[in-house]
Amino acid sequence: MQYTKLGNSDLNVSRICMGCMGFGDAQNGQHTWTVDEAQSREIIKRGLELGVNFFDTAIAYQSGTSEQYLGRAIKDFAKRDDIAIATKFLPRTAKEIEQGISGQKHIEKMLDKSLLNLGMDYVDLYIYHMWDYATPLYDIMEGLNNAVKSGKARYIGISNCFAYQLTKANALAEKEGFAKFISVQGHYNLIFREEEREMAKLCREENIAMTPYSALAGGRLAKRPGETSKRLEQDSYAHLKYDATVGQDGIIIDCVAQLADKYGVSMTEISLAWLLTKVTAPVVGATKLHHIEGVAKAVRLTLSDDEIAYLEEAYVPHNLVGVMAQNTPESAKEKHVWSTGNQKI
């Protein structure tokens, strides 16, 4: 495993971050392809053995059971100080807004619940899961600064935002003396590269770590044509993101398969080796032992400039999809579809 600093922080993290959305009680969540606690523990333990020390979860994943599974496994298999734990909070619900619960109070409440789920006194990275158009930015930034000042969060990150929003938030934080975002978790992989337009450039200039999700496009960048899996079949959110561009994306996926044959490695390794040339630490989910084993191998694979260009040349612009297309000022005015009990993205 290789390690690096996470943006403008003192966190030394593995180049692979284990995404924990696939862990949790399926009865308490939206996703039917999640794995139970026994399987989750095996995968987490194997990841630790392979050198992974960076784990990403969220209070919204399976009603908090993802956090619970991860927390218990880390307690049993690792030293807390050796591990970097990231979790996330969603915007205020319509009920909270009606009750007059402020952004600051919402963040405090959500973080306390996450810490209870994790069985921990602090998280290393507390992530603003998606932009809250119904809450003043000052309230969000002050609430997150309070989390850092209290010692319950070492650093803060953001997910699912535009470059202008990240710039605006960090400018406000600098003005007010608040903690600034040190990382951004966006949608970025070989078949969805829209983050390169603005976000990637901003992050390079400001040394903000990119830790993208959907690193393997819901398994599409790891499977040959005709191959399938439970997640590929049942992940409705991934279908929403990728089905409309399956033809043009298939050309790139074929290139990944050809390079995998050339090197005698998996498509996972090729896809992640490319992404590792662009970002700090991709968030990669695993629901089987061989998934994390294949992911860990990617850090040892170096692609040539010509191979990188070969993988990139067929890309064409994509429309925004998923939460970035759904979470808008207009939708926030109409209704809040987010809930801390069931992820709606």
# chains A, B, ... in the order shown; residues from 1 in each chain; ligands from 1

$ select_by_dssp --residues "region 17-250 of chain A" --states "strand (DSSP E or B)" --output "ChimeraX atom specification"
/A:17-19,23,35,54-56,84-89,123-128,153-159,181-185,187,189,192,209-210,213

$ closest_atom_pairs --of "region 241-294 of chain A" --to "region 11-27 of chain A" --cutoff "6 Å" --atoms "only C-alpha atoms" --output "tab-separated table"
residue	atom	partner	partner_atom	distance
A:Ala281	CA	A:Arg15	CA	4.5
A:Pro282	CA	A:Ile16	CA	5.8
A:Val283	CA	A:Cys17	CA	4.7
A:Val284	CA	A:Gly19	CA	5.0
A:Gly285	CA	A:Gly19	CA	4.3

$ atom_distance --atom1 "CA of Thr280 (chain A)" --atom2 "CA of Val246 (chain A)"
27.4 Å

$ residues_around --residues "Glu42 (chain A)" --least-positions-apart "5" --cutoff "9 Å" --atoms "only C-alpha atoms" --output "list in words"
Glu37, Gly47, Ala73, Lys288 and Leu289 of chain A

$ write_last_selection --atoms "N, CA and C atoms" --output "PDB file, in the first residue's frame"
ATOM      1  N   GLU A  37     -23.148  -8.001   8.777  1.00  0.00           N
ATOM      2  CA  GLU A  37     -22.018  -7.610   9.615  1.00  0.00           C
ATOM      3  C   GLU A  37     -20.866  -8.603   9.553  1.00  0.00           C
ATOM      4  N   GLY A  47      -8.951  -5.597   4.408  1.00  0.00           N
ATOM      5  CA  GLY A  47      -8.449  -4.301   3.973  1.00  0.00           C
ATOM      6  C   GLY A  47      -7.347  -3.792   4.887  1.00  0.00           C
ATOM      7  N   ALA A  73     -15.878  -3.154  13.958  1.00  0.00           N
ATOM      8  CA  ALA A  73     -14.755  -3.856  13.331  1.00  0.00           C
ATOM      9  C   ALA A  73     -13.429  -3.157  13.635  1.00  0.00           C
ATOM     10  N   LYS A 288     -17.135  -8.132  -1.400  1.00  0.00           N
ATOM     11  CA  LYS A 288     -16.548  -9.474  -1.360  1.00  0.00           C
ATOM     12  C   LYS A 288     -15.053  -9.337  -1.082  1.00  0.00           C
ATOM     13  N   LEU A 289     -14.462 -10.378  -0.518  1.00  0.00           N
ATOM     14  CA  LEU A 289     -13.038 -10.315  -0.187  1.00  0.00           C
ATOM     15  C   LEU A 289     -12.182 -10.040  -1.418  1.00  0.00           C
TER      16      LEU A 289
END

$ closest_residue --among "A:Lys223, A:Arg204, A:His290, A:Arg41" --to "Gly7 (chain A)" --atoms "only C-alpha atoms"
A:Arg204

$ residues_around --residues "Val299 (chain A)" --least-positions-apart "3" --cutoff "8 Å" --atoms "only C-alpha atoms" --output "JSON, numbers by chain"
{"A": [1, 2, 15, 16, 272, 273, 276, 295, 296, 302]}

$ select_by_dssp --residues "region 158-296 of chain A" --states "alpha helix (DSSP H)" --output "JSON, numbers by chain"
{"A": [163, 164, 165, 166, 167, 168, 169, 170, 171, 172, 173, 174, 175, 176, 199, 200, 201, 202, 203, 204, 205, 206, 230, 231, 232, 233, 234, 236, 237, 238, 239, 240, 241, 242, 246, 247, 248, 249, 250, 251, 252, 253, 254, 255, 256, 257, 258, 259, 260, 261, 262, 263, 267, 268, 269, 270, 271, 272, 273, 274, 275, 289, 290, 291, 292, 293, 294, 295, 296]}

$ closest_residue --among "A:Leu275, A:Leu311, A:Leu172, A:Val323" --to "Leu137 (chain A)" --atoms "only C-alpha atoms"
A:Leu172

$ residues_around --residues "region 185-199 of chain A" --least-positions-apart "2" --cutoff "6 Å" --atoms "only C-alpha atoms" --output "ChimeraX atom specification"
/A:159-160,163,201-202,211-213,215,249

$ write_last_selection --atoms "N, CA and C atoms" --output "PDB file, in the first residue's frame"
ATOM      1  N   SER A 159     -18.883  16.985  -0.136  1.00  0.00           N
ATOM      2  CA  SER A 159     -19.204  16.035  -1.202  1.00  0.00           C
ATOM      3  C   SER A 159     -20.316  16.613  -2.063  1.00  0.00           C
ATOM      4  N   ASN A 160     -20.334  16.192  -3.337  1.00  0.00           N
ATOM      5  CA  ASN A 160     -21.435  16.577  -4.228  1.00  0.00           C
ATOM      6  C   ASN A 160     -21.655  18.086  -4.273  1.00  0.00           C
ATOM      7  N   ALA A 163     -17.513  23.530  -8.063  1.00  0.00           N
ATOM      8  CA  ALA A 163     -16.272  24.208  -7.683  1.00  0.00           C
ATOM      9  C   ALA A 163     -16.556  25.593  -7.105  1.00  0.00           C
ATOM     10  N   LYS A 201      -9.023  21.340 -11.268  1.00  0.00           N
ATOM     11  CA  LYS A 201      -8.080  22.466 -11.350  1.00  0.00           C
ATOM     12  C   LYS A 201      -8.039  23.237 -10.030  1.00  0.00           C
ATOM     13  N   LEU A 202      -9.195  23.466  -9.459  1.00  0.00           N
ATOM     14  CA  LEU A 202      -9.255  24.153  -8.167  1.00  0.00           C
ATOM     15  C   LEU A 202      -8.496  23.363  -7.107  1.00  0.00           C
ATOM     16  N   THR A 211     -11.228  12.813  -3.310  1.00  0.00           N
ATOM     17  CA  THR A 211     -11.478  11.428  -2.887  1.00  0.00           C
ATOM     18  C   THR A 211     -12.790  10.964  -3.532  1.00  0.00           C
ATOM     19  N   PRO A 212     -12.798  10.758  -4.831  1.00  0.00           N
ATOM     20  CA  PRO A 212     -14.054  10.529  -5.547  1.00  0.00           C
ATOM     21  C   PRO A 212     -14.746   9.217  -5.214  1.00  0.00           C
ATOM     22  N   TYR A 213     -16.068   9.255  -5.312  1.00  0.00           N
ATOM     23  CA  TYR A 213     -16.854   8.032  -5.180  1.00  0.00           C
ATOM     24  C   TYR A 213     -17.166   7.490  -6.575  1.00  0.00           C
ATOM     25  N   ALA A 215     -15.798   5.117  -8.095  1.00  0.00           N
ATOM     26  CA  ALA A 215     -14.518   4.980  -8.778  1.00  0.00           C
ATOM     27  C   ALA A 215     -14.547   3.930  -9.883  1.00  0.00           C
ATOM     28  N   ASP A 249     -19.882   4.845 -23.344  1.00  0.00           N
ATOM     29  CA  ASP A 249     -19.052   4.364 -22.245  1.00  0.00           C
ATOM     30  C   ASP A 249     -18.458   3.003 -22.553  1.00  0.00           C
TER      31      ASP A 249
END

$ residues_around --residues "Ala171 (chain A)" --least-positions-apart "4" --cutoff "12 Å" --atoms "only C-alpha atoms" --output "PDB file with N, CA and C atoms, in the first residue's frame"
ATOM      1  N   LEU A 137     -25.211  29.319   4.372  1.00  0.00           N
ATOM      2  CA  LEU A 137     -23.857  28.769   4.354  1.00  0.00           C
ATOM      3  C   LEU A 137     -23.122  29.093   5.654  1.00  0.00           C
ATOM      4  N   TYR A 138     -23.343  30.278   6.199  1.00  0.00           N
ATOM      5  CA  TYR A 138     -22.681  30.635   7.455  1.00  0.00           C
ATOM      6  C   TYR A 138     -23.014  29.623   8.546  1.00  0.00           C
ATOM      7  N   MET A 141     -20.994  26.395   7.949  1.00  0.00           N
ATOM      8  CA  MET A 141     -19.567  26.529   8.229  1.00  0.00           C
ATOM      9  C   MET A 141     -19.302  26.736   9.715  1.00  0.00           C
ATOM     10  N   TYR A 164     -17.529  26.292  -7.666  1.00  0.00           N
ATOM     11  CA  TYR A 164     -17.822  27.636  -7.141  1.00  0.00           C
ATOM     12  C   TYR A 164     -18.336  27.567  -5.709  1.00  0.00           C
ATOM     13  N   GLN A 165     -19.068  26.487  -5.374  1.00  0.00           N
ATOM     14  CA  GLN A 165     -19.586  26.353  -4.015  1.00  0.00           C
ATOM     15  C   GLN A 165     -18.463  26.072  -3.024  1.00  0.00           C
ATOM     16  N   LEU A 166     -17.531  25.221  -3.407  1.00  0.00           N
ATOM     17  CA  LEU A 166     -16.381  24.934  -2.551  1.00  0.00           C
ATOM     18  C   LEU A 166     -15.542  26.201  -2.349  1.00  0.00           C
ATOM     19  N   THR A 167     -15.331  26.942  -3.409  1.00  0.00           N
ATOM     20  CA  THR A 167     -14.572  28.197  -3.316  1.00  0.00           C
ATOM     21  C   THR A 167     -15.276  29.192  -2.388  1.00  0.00           C
ATOM     22  N   LYS A 175     -12.453  34.041   5.930  1.00  0.00           N
ATOM     23  CA  LYS A 175     -12.855  35.355   6.430  1.00  0.00           C
ATOM     24  C   LYS A 175     -13.222  35.301   7.913  1.00  0.00           C
ATOM     25  N   GLU A 176     -13.921  34.241   8.313  1.00  0.00           N
ATOM     26  CA  GLU A 176     -14.437  34.139   9.678  1.00  0.00           C
ATOM     27  C   GLU A 176     -13.503  33.389  10.628  1.00  0.00           C
ATOM     28  N   GLY A 177     -12.414  32.865  10.108  1.00  0.00           N
ATOM     29  CA  GLY A 177     -11.501  32.095  10.951  1.00  0.00           C
ATOM     30  C   GLY A 177     -12.018  30.707  11.270  1.00  0.00           C
ATOM     31  N   PHE A 178     -12.888  30.180  10.397  1.00  0.00           N
ATOM     32  CA  PHE A 178     -13.439  28.837  10.582  1.00  0.00           C
ATOM     33  C   PHE A 178     -12.530  27.793   9.929  1.00  0.00           C
ATOM     34  N   ALA A 179     -12.746  26.532  10.280  1.00  0.00           N
ATOM     35  CA  ALA A 179     -12.073  25.424   9.598  1.00  0.00           C
ATOM     36  C   ALA A 179     -12.481  25.406   8.133  1.00  0.00           C
ATOM     37  N   LYS A 180     -11.529  25.086   7.266  1.00  0.00           N
ATOM     38  CA  LYS A 180     -11.800  25.039   5.821  1.00  0.00           C
ATOM     39  C   LYS A 180     -11.896  23.588   5.351  1.00  0.00           C
ATOM     40  N   PHE A 181     -12.588  23.393   4.249  1.00  0.00           N
ATOM     41  CA  PHE A 181     -12.678  22.064   3.656  1.00  0.00           C
ATOM     42  C   PHE A 181     -11.317  21.644   3.104  1.00  0.00           C
ATOM     43  N   GLU A 206      -5.287  24.628  -4.802  1.00  0.00           N
ATOM     44  CA  GLU A 206      -5.508  24.866  -3.378  1.00  0.00           C
ATOM     45  C   GLU A 206      -5.068  23.692  -2.497  1.00  0.00           C
TER      46      GLU A 206
END

$ closest_residue --among "A:Leu320, A:Ala209, A:Ala38, A:Leu259" --to "Ser304 (chain A)" --atoms "only C-alpha atoms"
A:Leu259

$ residues_around --residues "Gly119 (chain A)" --least-positions-apart "4" --cutoff "9 Å" --atoms "only C-alpha atoms" --output "MDAnalysis selection string"
chainID A and resid 67:68 71:72 75 114:115

$ write_last_selection --atoms "N, CA, C and O atoms" --output "PDB file, in the first residue's frame"
ATOM      1  N   GLU A  67     -22.212   2.613   9.738  1.00  0.00           N
ATOM      2  CA  GLU A  67     -21.332   3.181  10.764  1.00  0.00           C
ATOM      3  C   GLU A  67     -21.134   2.198  11.911  1.00  0.00           C
ATOM      4  O   GLU A  67     -20.004   2.032  12.414  1.00  0.00           O
ATOM      5  N   GLN A  68     -22.189   1.552  12.326  1.00  0.00           N
ATOM      6  CA  GLN A  68     -22.099   0.625  13.451  1.00  0.00           C
ATOM      7  C   GLN A  68     -21.191  -0.555  13.124  1.00  0.00           C
ATOM      8  O   GLN A  68     -20.331  -0.935  13.941  1.00  0.00           O
ATOM      9  N   GLY A  71     -17.524   0.715  12.970  1.00  0.00           N
ATOM     10  CA  GLY A  71     -16.988   1.054  14.288  1.00  0.00           C
ATOM     11  C   GLY A  71     -16.620  -0.166  15.103  1.00  0.00           C
ATOM     12  O   GLY A  71     -15.551  -0.208  15.729  1.00  0.00           O
ATOM     13  N   ARG A  72     -17.479  -1.169  15.087  1.00  0.00           N
ATOM     14  CA  ARG A  72     -17.189  -2.377  15.860  1.00  0.00           C
ATOM     15  C   ARG A  72     -15.996  -3.130  15.279  1.00  0.00           C
ATOM     16  O   ARG A  72     -15.170  -3.675  16.026  1.00  0.00           O
ATOM     17  N   LYS A  75     -12.726  -1.290  16.185  1.00  0.00           N
ATOM     18  CA  LYS A  75     -12.426  -1.509  17.601  1.00  0.00           C
ATOM     19  C   LYS A  75     -11.767  -2.865  17.825  1.00  0.00           C
ATOM     20  O   LYS A  75     -10.844  -2.993  18.643  1.00  0.00           O
ATOM     21  N   SER A 114     -23.629   9.970  14.824  1.00  0.00           N
ATOM     22  CA  SER A 114     -22.614   9.192  14.102  1.00  0.00           C
ATOM     23  C   SER A 114     -21.556   8.652  15.055  1.00  0.00           C
ATOM     24  O   SER A 114     -21.125   7.503  14.936  1.00  0.00           O
ATOM     25  N   LEU A 115     -21.113   9.484  15.992  1.00  0.00           N
ATOM     26  CA  LEU A 115     -20.114   9.032  16.963  1.00  0.00           C
ATOM     27  C   LEU A 115     -20.673   7.899  17.822  1.00  0.00           C
ATOM     28  O   LEU A 115     -19.954   6.948  18.155  1.00  0.00           O
TER      29      LEU A 115
END

$ closest_residue --among "A:Ser271, A:Gln104, A:Asn53, A:Ser266" --to "Ser214 (chain A)" --atoms "only C-alpha atoms"
A:Ser271
